[in-house]
Amino acid sequence: MKARILVLLLLSLLLSGCTTPPEPEKTPYDLPAPVEPLAPQNEEMLPVLENHAVAAPLVSGPGGSVHALRYRNGRCLDPVYGDIDGDGLYELVYRTASAADGTVYEALWAYGLEQGLPVLEGSCLLRIGGAETSLSVQGSNVVYSCAVNQGETKRSDRITVTVEDGRMDFGETLPEGLSLAYNRLTEYGSSFRSLRSKAEDRLLAQGPCYFLWQEPGTFHTAEELENDSTQSYVCAAMTNNGVTVTGLVYWYTKLDGSQVCDANGVDNPIRLRGANLDGLAKQVLLDKLGDPFFEVKSGEDGPLLCWFTENGKLLTARFEDGLAVTSLMDLPIG
């Protein structure tokens, strides 16, 4: 009985913070998620692009490494450092290029550090056509250079790149021949703390290692969603390192009214088929469900393993004498 009570207490800590208080008989969402103090960043610490010519390059900091984000697995080119967000600290900026549907695209990526781990500060995707491009540094500024053929002559431009709220800024206009294909906040790889803070007034639920919000209206507009054939969605961001967003689960409502569930950074949300998972050994459970999306520290019994399901539930598992004790919680996705 004591163990069952402990499970209920642990599970209640997973959900907190709701814009509208739930009905008394529903799962409580009003417990605050703990926030660790943010240590000041050493100015000499820099994120480092490692093995940028190999298949799976990394961005590393003194606290660990993350996979370097790329466009269509293009090579990471021209890694440079500059203060592109105006915070007095230098960020790593690099570019990746590839072609799709007969068009040449190039993505820019900017990483800073938080608690020693690389966090994505901003990104964008450009249509560059036949332009020759490069990144360089002028003082503390990152400069994006492009050269475009115009008849028998070649026009060259140098643009200072900055970032704000996850979006790259190139000034008022881009040079002729270049255009933005995508310039929105990229949640995956960004700061878990910062993203949760920005979404605070729109949070549907939160816990120590995850939170939910709804679009449009938080980070993206209705027009942006419509361009993706989407009417609305609820998103769950999660972290397995306490600093960066390591996974996202989306419950979409498409323009045609259909419902779709998708994920980024983790396996597809699990589909429960009515099987009883209680009493399974840990490895047997993992073989059935895959790696947990995140874990929550729970004291003597070890971490609480957590997954999201296709139909909007949070599945948790702990282990008593090596055997699983599971629970399902409804999430406010509809």
# chains A, B, ... in the order shown; residues from 1 in each chain; ligands from 1
$ residues_around --residues "Ala263 in chain A" --least-positions-apart "6" --cutoff "8 Å" --atoms "only C-alpha atoms" --output "list in words"
Gly247, Leu248, Val249, Tyr250 and Pro269 of chain A
$ closest_atom_pairs --of "range 196-299 of chain A" --to "range 64-83 of chain A" --cutoff "10 Å" --atoms "only C-alpha atoms" --output "CSV"
residue,atom,partner,partner_atom,distance
A:Asn241,CA,A:Gly64,CA,9.6
A:Thr244,CA,A:Val66,CA,9.1
A:Thr246,CA,A:Val66,CA,9.2
$ residues_around --residues "range 234-238 of chain A" --least-positions-apart "2" --cutoff "7 Å" --atoms "only C-alpha atoms" --output "list in words"
Cys209, Tyr210, Phe211, Leu212, Trp213, Gln214, Glu215, Asn240, Val245, Thr246, Gly247, Leu248, Val249, Tyr250, Trp251, Tyr252, Phe294 and Ile333 of chain A
$ select_by_dssp --residues "range 3-233 of chain A" --states "strand (DSSP E or B)" --output "ChimeraX atom specification"
/A:16,48-50,58-61,64-67,77-82,91-100,103-114,117-127,132-138,141-150,153-164,167-169,179-182,191,203-207,210-215,230-233
$ closest_residue --among "A:Leu126, A:Gly88, A:Lys154, A:Pro47" --to "Ala110 in chain A" --atoms "only C-alpha atoms"
A:Pro47
$ closest_residue --among "A:Thr316, A:Ser145, A:Ser123, A:Thr103" --to "Val163 in chain A" --atoms "only C-alpha atoms"
A:Ser123
$ select_by_dssp --residues "range 89-195 of chain A" --states "alpha helix (DSSP H)" --output "PyMOL selection string"
chain A and resi 192-195
$ write_last_selection --atoms "N, CA and C atoms" --output "mmCIF file, in the first residue's frame"
data_model
loop_
_atom_site.group_PDB
_atom_site.id
_atom_site.type_symbol
_atom_site.label_atom_id
_atom_site.label_comp_id
_atom_site.auth_asym_id
_atom_site.auth_seq_id
_atom_site.Cartn_x
_atom_site.Cartn_y
_atom_site.Cartn_z
ATOM 1 N N PHE A 192 15.565 24.301 -23.152
ATOM 2 C CA PHE A 192 14.315 23.847 -22.534
ATOM 3 C C PHE A 192 13.781 24.930 -21.599
ATOM 4 N N ARG A 193 14.660 25.511 -20.807
ATOM 5 C CA ARG A 193 14.261 26.545 -19.857
ATOM 6 C C ARG A 193 13.701 27.768 -20.577
ATOM 7 N N SER A 194 14.414 28.238 -21.606
ATOM 8 C CA SER A 194 13.994 29.435 -22.324
ATOM 9 C C SER A 194 12.677 29.208 -23.048
ATOM 10 N N LEU A 195 12.529 28.056 -23.698
ATOM 11 C CA LEU A 195 11.301 27.759 -24.433
ATOM 12 C C LEU A 195 10.109 27.701 -23.479
#
$ closest_residue --among "A:Phe219, A:Tyr182, A:Phe319, A:Tyr90" --to "Leu108 in chain A" --atoms "only C-alpha atoms"
A:Tyr182
$ closest_residue --among "A:Glu91, A:Asp101, A:Asp85, A:Glu200" --to "Val48 in chain A" --atoms "only C-alpha atoms"
A:Glu91
$ closest_residue --among "A:Val93, A:Gly151, A:Gly116, A:Ser60" --to "Asn42 in chain A" --atoms "only C-alpha atoms"
A:Gly116
$ residues_around --residues "Val104 in chain A" --least-positions-apart "2" --cutoff "10 Å" --atoms "only C-alpha atoms" --output "PyMOL selection string"
chain A and resi 97-102+106+126-131
$ atom_distance --atom1 "CA of Asp165 in chain A" --atom2 "CA of Gly122 in chain A"
7.5 Å
$ atom_distance --atom1 "CA of Leu117 in chain A" --atom2 "CA of Ser191 in chain A"
9.6 Å
$ residues_around --residues "Asp201 in chain A" --least-positions-apart "3" --cutoff "9 Å" --atoms "only C-alpha atoms" --output "VMD selection string"
chain A and resid 19 197 to 198 204 218
$ closest_residue --among "A:Leu180, A:Ala107, A:Ser134, A:Glu226" --to "Ile159 in chain A" --atoms "only C-alpha atoms"
A:Ser134
